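Here is the structure we will look at.
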2 protein chains.
Amino acid sequence: MPEVYKELYDVRNKLEQHYHDMLDIEFTIQEKKLFMLQCRVGKRTGAAALNMAIDMLDEKLIDEKTCAMRLKPAQLDELLHPIIDPSDEANNKAIAKGLPAGPGGAIGQIVFSSEDAVAWEKKGKNVILLREETNPEDVEGMRAAKGILTAKGGMTSHAALVARGWGKCCIVGASMLKIDLAAKKLHMGQKVYKEGDFLTLNGTKGLVYEGQLNMLDATENPNFKQFMSIVDQFRTMGVRTNAETPQDAKAALAMGAEGIGLFRTEHMFYGKNSETPLFLLRKMILSSSEDERRIALDELAPYVKKDLKETMEIMNGLPVTIRLLDPPLHEFVPHSKEKQEEVAKALGIDIAELERRSEALMESNPMMGHRGFRLGVTFPEITEMQVKAILDAAAEMIKEGKDPKPEIMVPVTCDVKELKVAKAICKKVYAQVLQTYGLEKIDHMFGTMIEIPRAALLANEMAETAEFFSFGTNDLTQMTYGFSRDDSDVFMGPYLDFEILDNDPFQTIDEKGVGQLISYGVERGKQTRENLKIGICGEHGGDPKSVEFCFKQGLNYVSCSPFRIPIARLAAAQAELKTQKA
Amino acid sequence: MPEVYKELYDVRNKLEQHYHDMLDIEFTIQEKKLFMLQCRVGKRTGAAALNMAIDMLDEKLIDEKTCAMRLKPAQLDELLHPIIDPSDEANNKAIAKGLPAGPGGAIGQIVFSSEDAVAWEKKGKNVILLREETNPEDVEGMRAAKGILTAKGGMTSHAALVARGWGKCCIVGASMLKIDLAAKKLHMGQKVYKEGDFLTLNGTKGLVYEGQLNMLDATENPNFKQFMSIVDQFRTMGVRTNAETPQDAKAALAMGAEGIGLFRTEHMFYGKNSETPLFLLRKMILSSSEDERRIALDELAPYVKKDLKETMEIMNGLPVTIRLLDPPLHEFVPHSKEKQEEVAKALGIDIAELERRSEALMESNPMMGHRGFRLGVTFPEITEMQVKAILDAAAEMIKEGKDPKPEIMVPVTCDVKELKVAKAICKKVYAQVLQTYGLEKIDHMFGTMIEIPRAALLANEMAETAEFFSFGTNDLTQMTYGFSRDDSDVFMGPYLDFEILDNDPFQTIDEKGVGQLISYGVERGKQTRENLKIGICGEHGGDPKSVEFCFKQGLNYVSCSPFRIPIARLAAAQAELKTQKA
């Protein structure tokens with residue numbers, strides 16, 4: 001039917017020229033007559049959407065604004081996974097092929113059980129979890145693995161569903177794999193791979209390679225770079241990152257962060273290199289008098305300053321919002337006999353007394369307990385030490401010709417009088433630091449989290465003292481709903497299933513309820529202080545719908561984890577473009 | 001100086017006639033000339049204020065409105081303690097005298113240590129705690145005792161301060177007491193009293209009597225009765241009680257309660273006669289399937305119905321607001337080996353499995369966890385059983401010619417969709433109960449607590465389904481401040497000392513913050529449902545300042561503990577009178 005074919009071909013071209021997009025068309029031919037049934041914008045993966053958008057822009061089919069609207073922020077998420085360097089991949093031959101169940105590339109050492117995946121990952125190893133197929137008991141191992149490879153299962157198998165949900169690299173149904181679980185060996189034709197051997201997976205194509213291929217960071221993809229620079233032209237709202245290590249700060253800068261919106265000072269007491277600071281913190285919190293506390297604080301101070309300075313230096317010239325101590329102290333008490341003895345000895349008390357003091361820090365509902373600036377009211381010397389460390393670090397940087405921009409943020413506040421107490425401490429310390437370093441001034445800001453409903457309701461008062469607000473939407477959501485994030489899993493499932501809630505409010509800002517408080521916070525805060533700077537930190541800062549909401553509220557910036565920065569940048573730009581249209 | 005005396009006498013009369021009140025005047029006489037320096041309304045105790053108000057009313061010096069304004073609600077508190085029958089007191093001779101450190105009268109058996117006071121009280125005995133003087137370690141014993149008697153100490157001694165704070169009968173500094181702690185004997189002159197002997201204290205006068213004198217309930221005082229009936233003429237806002245036992249309900253009626261504003265259904269699982277219901281509740285919460293839960297619920301249902309009916313019968317003709325199960329389930333799990341075994345056996349599981357199930361109910365922040373109607377969403381069969389018990393009890397009463405007015409109240413809600421789920425259960429059960437009892441209707445209401453900030457913010461939606469609101473200001477305060485009531489003691493002291501807070505917000509409603517949410521709740525709720533009935537339950541319902549705030553917000557009633565009802569009645573009337581004046 002050459003005539004009908006030509007007709008279809010013309011219609012197709014006409015439609016694509018008309019819609020300037022890749023289309024999904026339906027047609028039928030009846031008695032040699034062509035009927036067009038339906039035409040809609042075609043679905044596409046993130047990678048395809050990016051390439052099409054840039055191609056169409058290059059072909060001048062679409063303009064830059066349209067280009068910027070062509071990817072959904074969620075699709076960017078797919079794109080942000082590392083991929084195998086295409087040139088390296090061209091030089092290697094795949095040893096197996098399965099279904100492309102989870103995007104991106106992954107390199108790791110093979111393990112044959114979820115327990116091993118978890119154990120190896122804890123030792124700092126990258127692993128590929130190899131299974132016949134997965135079931136719910138494998139979830140922890142799947143989480144720990146860089147990539148998942150199964151011999152059985154289709155695109156809706158357990159492994160595929162879970163991996164896609166997480167955006168984790170995964171290949172399923174690679175039926176040529178013969179797995180010998182008992183011997184922990186993988187047979188592939190004549191070849192045998194044993195536990196610990198390296199494999200490289202291309203989850204986007206479903207290909208498995210032997211050894212370790214070169215990986216490419218998604219941000220190095222030229223199409224991605226071009227797209228993000230177009231996006232940024234339309235963006236007015238700032239995007240910062242949540243980070244408290246030099247590594248995270250560097251990663252965030254590479255992702256386009258314009259500063260740090262949340263530096264959690266307690267982070268230094270967790271994870272690597274935390275032993276000495278944690279010991280000193282424990283000594284401090286288990287002290288029984290201000291004098292004892294001050295001794296421990298004096299020992300701790302240099303570590304705090306060093307920790308802050310390292311990251312502030314990476315962010316040289318950009319604002320760094322530093323949150324004063326936030327968690328309840330009981331989180332830090334030692335539990336092992338050895339650590340208890342160490343602290344007891346340092347304090348010159350016996351274990352029984354140490355346990356008594358630890359016990360006294362226990363709370364029924366720590367989330368609403370003695371935490372945040374409540375600690376600053378009862379133990380002002382802690383706040384004093386922290387503020388001094390911040391300003392000392394900044395003063396040293398100035399002396400070294402650098403440009404620090406610290407922003408001191410007071411957490412868990414409910415009344416302006418708390419801020420007045422905090423500001424008085426800052427002022428006193430500031431004067432001391434200026435004198436010590438012989439400086440005329442250190443640029444810095446003083447502000448607060450808005451994370452307690454009362455603070456949002458009384459934002460007009462809070463802004464009398466605070467120069468900036470940062471909405472802590474995690475806690476604000478907890479208090480507004482009365483949902484403990486640690487405990488709500490039990491009922492969150494049923495609440496979503498029965499459609500009592502449309503979304504998990506810890507994922508996407510609840511505009512109807514929590515949103516009201518944010519909107520009161522913005523409106524009332526600006527009543528008192530016209531140029532009040534307002535941001536948001538916490539999980540919601542990287543959620544596209546929430547970012548759009550923040551833009552509509554007139555926030556100055558959102559702050560999110562490094563990995564989600566491009567998503568926030570795109571969501572912010574699109575929010576702006578949507579408003580222009582409307 | 002008879003002339004000056006006469007002049008002073010005349011001035012004094014003139015002033016009292018002018019001010020119509022008892023005055024405190026200051027004067028000086030210099031070179032035989034009288035100078036009046038100052039004149040102000042004199043301070044008085046609650047008892048004196050009551051007698052003066054009624055006397056001046058009888059003498060037509062003041063009108064009823066003025067009379068009703070003459071006592072502060074806090075003074076009424078003093079008056080509400082039981083007193084020794086004056087005629088009986090006149091016939092007895094005091095055996096000792098000390099300082100009147102805490103008001104009212106008390107009868108009890110003497111004990112010589114705080115531990116004994118606690119132990120005897122647990123056995124249901126009334127005790128008088130006898131000490132040389134008290135210190136903070138005696139507090140539990142002081143709390144357990146009906147009255148406190150010390151040999152040493154003045155009006156600002158530990159015993160006096162604590163007792164006055166509680167409004168507890170207390171006599172200090174009765175130096176004629178010789179206490180022999182080791183022998184547990186009290187020597188008074190020649191007489192010896194031993195542990196368990198009865199004494200009667202008049203804390204208002206500081207007098208100690210041997211044996212048991214007749215006591216008089218304050219509400220039997222004719223001046224008090226007359227005063228309260230005057231007060232009620234000016235009151236428009238209702239006053240209900242929080243009660244869940246026939247005894248409390250009766251006491252509340254005697255105090256003037258106009259219904260029950262909060263019947264906590266979980267109360268039957270605490271205290272006396274709770275053994276069987278608690279066992280069945282435990283069986284239910286530790287069940288692993290709906291079927292198992294239903295079996296336990298079916299066994300529990302008759303106890304619940306009986307418990308409800310007993311109190312509803314006392315309140316015949318008056319509204320009884322019954323709150324569905326509120327606390328997190330972990331509160332009820334058994335801890336003793338014996339009780340654990342009992343429940344495990346009933347469920348046919350071993351102790352290890354029972355412990356695993358108990359453990360699974362543990363929460364990090366139970367106050368914001370799986371509680372209130374969240375339990376109704378996950379376990380609708382619990383709500384079903386409770387609603388059925390309420391309506392069954394009402395149906396039986398109707399059959400017996402009585403007039404039940406149950407109001408079903410759903411706790412811990414944050415979204416109208418929760419109320420829709422609850423209402424659907426109620427409707428279904430209602431139809432069943434009507435059929436079972438062959439009734440055409442059972443008058444009842446369906447409503448919700450407003451205790452989560454989001455519920456207040458979205459009150460317009462909540463009122464689509466709820467026919468009444470009751471502000472649960474305890475929880476609302478917790479969430480609005482992010483203060484856990486169980487943990488806030490540690491910082492509440494410093495917050496009050498440093499004047500960060502003017503009042504403890506758990507004592508007096510925080511009008512600035514929590515008050516905003518209440519006011520949104522009222523305003524928005526009435527937008528949707530004009531005739532929405534609104535009350536408040538929780539501690540604040542008996543606090544005079546909070547009652548005044550509730551009146552200003554247009555609430556229909558406040559609900560408080562039986563003992564505080566007269567205070568709430570007076571506060572409500574005075575709020576009304578103040579508005580008339582303004």
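Each chain in the structure tokens gets a letter, A, B, ..., in the order shown, and its residues are numbered from 1; ligands are numbered from 1 in order too.
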Taking only C-alpha atoms into account, find every residue of chain B that has an atom no more than 7 Å from chain A, and write it out as a tab-separated table (two decimals) with C-alpha atoms, in the first residue's frame.
```
chain	number	residue	atom	x	y	z
B	363	GLU	CA	8.06	3.30	69.74
B	364	SER	CA	10.76	5.97	69.76
B	365	ASN	CA	8.25	8.77	70.29
B	366	PRO	CA	5.00	7.13	71.34
B	367	MET	CA	3.29	10.48	71.79
B	368	MET	CA	3.45	10.91	68.01
B	369	GLY	CA	3.13	7.24	67.21
B	370	HIS	CA	0.52	4.59	66.58
B	374	ARG	CA	-4.51	5.67	63.87
B	378	THR	CA	-5.14	-0.13	61.20
B	414	CYS	CA	-5.29	15.17	61.47
B	417	LYS	CA	-10.68	11.37	55.80
B	418	GLU	CA	-9.91	9.70	59.13
B	452	ILE	CA	-3.09	17.96	66.35
B	453	PRO	CA	-2.09	21.31	64.78
B	454	ARG	CA	-3.14	20.13	61.32
B	457	LEU	CA	-5.59	24.39	60.57
B	458	LEU	CA	-8.01	22.29	58.51
B	479	MET	CA	2.74	19.58	69.27
B	480	THR	CA	2.57	23.35	68.91
B	481	TYR	CA	5.62	23.84	71.12
B	482	GLY	CA	7.30	20.54	70.32
B	483	PHE	CA	7.40	20.03	74.10
B	484	SER	CA	6.90	16.52	75.40
B	486	ASP	CA	6.86	13.87	80.07
B	487	ASP	CA	10.27	15.33	79.30
B	488	SER	CA	9.91	19.09	79.49
B	491	PHE	CA	14.07	22.73	80.66
B	494	PRO	CA	15.04	27.41	83.22
B	500	ILE	CA	11.50	32.84	78.02
B	513	GLY	CA	0.65	30.40	69.91
```
Using only C-alpha atoms, which protein or nucleic acid residues come within 9 Å of range 74-78 of chain A? Drop anything in the same chain fewer than 4 positions from it, and give the result as a list in words. Thr45, Gly46, Ala47, Ala49, Leu50, Pro103, Gly104, Gly167, Asp543, Pro544, Phe563, Arg564, Pro566, Ile567 and Leu570 of chain A
Writer output for current selection, N, CA and C atoms, as a PDB file, in the first residue's frame:
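Listing of result23.pdb after writing:
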```pdb
ATOM      1  N   THR A  45      12.457   7.438  28.312  1.00  0.00           N
ATOM      2  CA  THR A  45      13.298   7.365  29.498  1.00  0.00           C
ATOM      3  C   THR A  45      13.976   8.710  29.701  1.00  0.00           C
ATOM      4  N   GLY A  46      14.600   8.896  30.831  1.00  0.00           N
ATOM      5  CA  GLY A  46      15.317  10.137  31.121  1.00  0.00           C
ATOM      6  C   GLY A  46      16.400  10.402  30.088  1.00  0.00           C
ATOM      7  N   ALA A  47      17.174   9.364  29.774  1.00  0.00           N
ATOM      8  CA  ALA A  47      18.284   9.544  28.828  1.00  0.00           C
ATOM      9  C   ALA A  47      17.745   9.955  27.464  1.00  0.00           C
ATOM     10  N   ALA A  49      14.885  11.405  26.820  1.00  0.00           N
ATOM     11  CA  ALA A  49      14.292  12.741  26.914  1.00  0.00           C
ATOM     12  C   ALA A  49      15.385  13.806  26.809  1.00  0.00           C
ATOM     13  N   LEU A  50      16.494  13.565  27.477  1.00  0.00           N
ATOM     14  CA  LEU A  50      17.596  14.527  27.447  1.00  0.00           C
ATOM     15  C   LEU A  50      18.126  14.662  26.017  1.00  0.00           C
ATOM     16  N   PRO A 103      18.511   1.361  36.157  1.00  0.00           N
ATOM     17  CA  PRO A 103      19.366   2.147  35.270  1.00  0.00           C
ATOM     18  C   PRO A 103      20.799   2.323  35.768  1.00  0.00           C
ATOM     19  N   GLY A 104      21.663   2.780  34.861  1.00  0.00           N
ATOM     20  CA  GLY A 104      23.022   3.161  35.211  1.00  0.00           C
ATOM     21  C   GLY A 104      23.983   1.992  35.243  1.00  0.00           C
ATOM     22  N   GLY A 167      16.066   3.368  41.884  1.00  0.00           N
ATOM     23  CA  GLY A 167      16.959   3.861  40.840  1.00  0.00           C
ATOM     24  C   GLY A 167      18.306   3.176  40.911  1.00  0.00           C
ATOM     25  N   ASP A 543      12.715  17.471  46.554  1.00  0.00           N
ATOM     26  CA  ASP A 543      11.517  16.858  45.965  1.00  0.00           C
ATOM     27  C   ASP A 543      10.866  17.860  45.005  1.00  0.00           C
ATOM     28  N   PRO A 544      10.735  17.500  43.717  1.00  0.00           N
ATOM     29  CA  PRO A 544      10.275  18.477  42.718  1.00  0.00           C
ATOM     30  C   PRO A 544       8.987  19.218  43.084  1.00  0.00           C
ATOM     31  N   PHE A 563      23.333  14.922  45.740  1.00  0.00           N
ATOM     32  CA  PHE A 563      22.846  14.135  44.616  1.00  0.00           C
ATOM     33  C   PHE A 563      21.577  14.710  43.991  1.00  0.00           C
ATOM     34  N   ARG A 564      20.775  15.397  44.778  1.00  0.00           N
ATOM     35  CA  ARG A 564      19.484  15.877  44.280  1.00  0.00           C
ATOM     36  C   ARG A 564      19.546  17.320  43.788  1.00  0.00           C
ATOM     37  N   PRO A 566      20.768  18.776  40.988  1.00  0.00           N
ATOM     38  CA  PRO A 566      20.266  19.050  39.636  1.00  0.00           C
ATOM     39  C   PRO A 566      18.741  18.958  39.552  1.00  0.00           C
ATOM     40  N   ILE A 567      18.186  18.017  40.295  1.00  0.00           N
ATOM     41  CA  ILE A 567      16.720  17.873  40.307  1.00  0.00           C
ATOM     42  C   ILE A 567      16.082  19.136  40.860  1.00  0.00           C
ATOM     43  N   LEU A 570      16.376  21.978  38.304  1.00  0.00           N
ATOM     44  CA  LEU A 570      15.387  21.853  37.225  1.00  0.00           C
ATOM     45  C   LEU A 570      13.983  22.181  37.736  1.00  0.00           C
TER      46      LEU A 570
END
```
Identify, on the basis of only C-alpha atoms, every residue whose closest approach to Met284 in chain B does not exceed 9 Å; exclude the query and any residue fewer than 5 positions from it along the same chain; express the result as a list in words. Phe279, Glu292, Arg293, Arg294, Ile295, Ala296, Leu297 and Leu300 of chain B
Selected residues written out, N, CA and C atoms, as a PDB file, in the first residue's frame:
```pdb
ATOM      1  N   PHE B 279      -6.405  -8.001  81.115  1.00  0.00           N
ATOM      2  CA  PHE B 279      -5.935  -9.262  80.532  1.00  0.00           C
ATOM      3  C   PHE B 279      -6.483  -9.423  79.114  1.00  0.00           C
ATOM      4  N   GLU B 292      -7.800 -13.329  65.568  1.00  0.00           N
ATOM      5  CA  GLU B 292      -7.408 -13.431  66.975  1.00  0.00           C
ATOM      6  C   GLU B 292      -7.884 -12.199  67.752  1.00  0.00           C
ATOM      7  N   ARG B 293      -7.678 -11.033  67.112  1.00  0.00           N
ATOM      8  CA  ARG B 293      -8.088  -9.791  67.790  1.00  0.00           C
ATOM      9  C   ARG B 293      -9.587  -9.788  68.041  1.00  0.00           C
ATOM     10  N   ARG B 294     -10.338 -10.241  67.061  1.00  0.00           N
ATOM     11  CA  ARG B 294     -11.802 -10.231  67.208  1.00  0.00           C
ATOM     12  C   ARG B 294     -12.258 -11.140  68.349  1.00  0.00           C
ATOM     13  N   ILE B 295     -11.579 -12.249  68.502  1.00  0.00           N
ATOM     14  CA  ILE B 295     -11.954 -13.154  69.600  1.00  0.00           C
ATOM     15  C   ILE B 295     -11.781 -12.420  70.941  1.00  0.00           C
ATOM     16  N   ALA B 296     -10.613 -11.783  71.115  1.00  0.00           N
ATOM     17  CA  ALA B 296     -10.351 -11.071  72.368  1.00  0.00           C
ATOM     18  C   ALA B 296     -11.314  -9.894  72.526  1.00  0.00           C
ATOM     19  N   LEU B 297     -11.595  -9.212  71.427  1.00  0.00           N
ATOM     20  CA  LEU B 297     -12.500  -8.056  71.482  1.00  0.00           C
ATOM     21  C   LEU B 297     -13.906  -8.483  71.879  1.00  0.00           C
ATOM     22  N   LEU B 300     -13.968  -8.917  75.469  1.00  0.00           N
ATOM     23  CA  LEU B 300     -13.795  -7.653  76.192  1.00  0.00           C
ATOM     24  C   LEU B 300     -15.073  -6.794  76.156  1.00  0.00           C
TER      25      LEU B 300
END
```
Find the residues around Gly124 in chain B up to 12 Å (only C-alpha atoms counted), leave out those fewer than 3 positions away in its own chain, and share them as an mmCIF file with N, CA, C and O atoms, in the first residue's frame.
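Output contents, as saved in around.cif:
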```
data_model
loop_
_atom_site.group_PDB
_atom_site.id
_atom_site.type_symbol
_atom_site.label_atom_id
_atom_site.label_comp_id
_atom_site.auth_asym_id
_atom_site.auth_seq_id
_atom_site.Cartn_x
_atom_site.Cartn_y
_atom_site.Cartn_z
ATOM 1 N N GLY B 108 -6.406 11.269 109.666
ATOM 2 C CA GLY B 108 -5.624 10.123 109.207
ATOM 3 C C GLY B 108 -4.903 9.426 110.330
ATOM 4 O O GLY B 108 -4.866 9.907 111.471
ATOM 5 N N GLN B 109 -4.314 8.283 109.989
ATOM 6 C CA GLN B 109 -3.519 7.513 110.940
ATOM 7 C C GLN B 109 -2.073 7.978 110.816
ATOM 8 O O GLN B 109 -1.564 8.151 109.704
ATOM 9 N N ALA B 117 4.117 6.179 104.530
ATOM 10 C CA ALA B 117 2.969 6.940 104.018
ATOM 11 C C ALA B 117 2.531 6.377 102.674
ATOM 12 O O ALA B 117 1.346 6.127 102.428
ATOM 13 N N VAL B 118 3.516 6.135 101.815
ATOM 14 C CA VAL B 118 3.212 5.612 100.483
ATOM 15 C C VAL B 118 2.606 4.216 100.590
ATOM 16 O O VAL B 118 1.585 3.911 99.960
ATOM 17 N N ALA B 119 3.229 3.385 101.442
ATOM 18 C CA ALA B 119 2.776 1.997 101.553
ATOM 19 C C ALA B 119 1.370 1.923 102.127
ATOM 20 O O ALA B 119 0.520 1.183 101.627
ATOM 21 N N TRP B 120 1.101 2.694 103.183
ATOM 22 C CA TRP B 120 -0.228 2.667 103.807
ATOM 23 C C TRP B 120 -1.283 3.209 102.845
ATOM 24 O O TRP B 120 -2.391 2.704 102.784
ATOM 25 N N GLU B 121 -0.918 4.254 102.132
ATOM 26 C CA GLU B 121 -1.882 4.856 101.205
ATOM 27 C C GLU B 121 -2.272 3.848 100.134
ATOM 28 O O GLU B 121 -3.420 3.779 99.715
ATOM 29 N N VAL B 127 -3.570 8.653 105.776
ATOM 30 C CA VAL B 127 -2.496 8.833 106.756
ATOM 31 C C VAL B 127 -2.140 10.299 106.949
ATOM 32 O O VAL B 127 -2.370 11.148 106.083
ATOM 33 N N ALA B 144 1.254 11.278 99.250
ATOM 34 C CA ALA B 144 0.369 10.173 99.631
ATOM 35 C C ALA B 144 -0.464 10.496 100.863
ATOM 36 O O ALA B 144 -1.538 9.940 101.054
ATOM 37 N N ALA B 145 0.037 11.400 101.708
ATOM 38 C CA ALA B 145 -0.637 11.684 102.967
ATOM 39 C C ALA B 145 -1.819 12.633 102.787
ATOM 40 O O ALA B 145 -1.825 13.463 101.894
ATOM 41 N N LYS B 146 -2.807 12.492 103.659
ATOM 42 C CA LYS B 146 -3.949 13.408 103.662
ATOM 43 C C LYS B 146 -3.545 14.731 104.305
ATOM 44 O O LYS B 146 -4.090 15.786 103.989
ATOM 45 N N LYS B 272 -8.390 -0.230 90.136
ATOM 46 C CA LYS B 272 -9.232 -1.267 90.735
ATOM 47 C C LYS B 272 -10.088 -2.004 89.707
ATOM 48 O O LYS B 272 -10.590 -1.414 88.771
#
```
Who sits within 9 Å of Ile128 in chain B, only C-alpha atoms, same chain under 3 positions skipped, as a ChimeraX atom specification: /B:106-112,117,142,145-149,198-201
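Proximity to Leu71 in chain A was assessed for A:Ala422, A:Asn51, A:Leu129, A:Leu57 counting only C-alpha atoms; the smallest distance is recorded for A:Asn51.
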Distance of CA of Val547 in chain A from CA of Phe224 in chain A, expressed in Å to one decimal place: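 Distance reported for this atom pair: 20.5 Å.
CA of Phe263 in chain B sits 5.4 Å away from CA of Ala243 in chain B.
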Please identify which residues in range 242-453 of chain A DSSP calls alpha helix (DSSP H) from the backbone, and express them as JSON, numbers by chain. {"A": [246, 247, 248, 249, 250, 251, 252, 253, 254, 275, 276, 277, 278, 279, 280, 281, 282, 283, 284, 285, 290, 291, 292, 293, 294, 295, 296, 297, 298, 299, 300, 301, 302, 303, 304, 305, 306, 307, 308, 309, 310, 311, 312, 313, 314, 337, 338, 339, 340, 341, 342, 343, 344, 345, 346, 347, 351, 352, 353, 354, 355, 356, 357, 358, 359, 360, 373, 374, 375, 376, 377, 378, 380, 381, 382, 383, 384, 385, 386, 387, 388, 389, 390, 391, 392, 393, 394, 395, 396, 397, 398, 399, 416, 417, 418, 419, 420, 421, 422, 423, 424, 425, 426, 427, 428, 429, 430, 431, 432, 433, 434, 435, 436, 437, 453]}
Shell of 12 Å around Glu407 in chain B, only C-alpha atoms, local chain residues under 4 positions omitted, as a ChimeraX atom specification: /B:259-263,308,312,318-324,387,390-391,394,426,442-449,466-470,533
Based on DSSP run over this structure's backbone, return all residues of range 103-168 of chain A in strand (DSSP E), as a list of chain:residue names.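 Taking range 103-168 of chain A and keeping strand (DSSP E) gives A:Gly105, A:Ala106, A:Ile107, A:Gly108, A:Gln109, A:Ile110, A:Val111, A:Val127, A:Ile128, A:Leu129, A:Leu130, A:Arg131, A:Gly147, A:Ile148, A:Leu149, A:Thr150.
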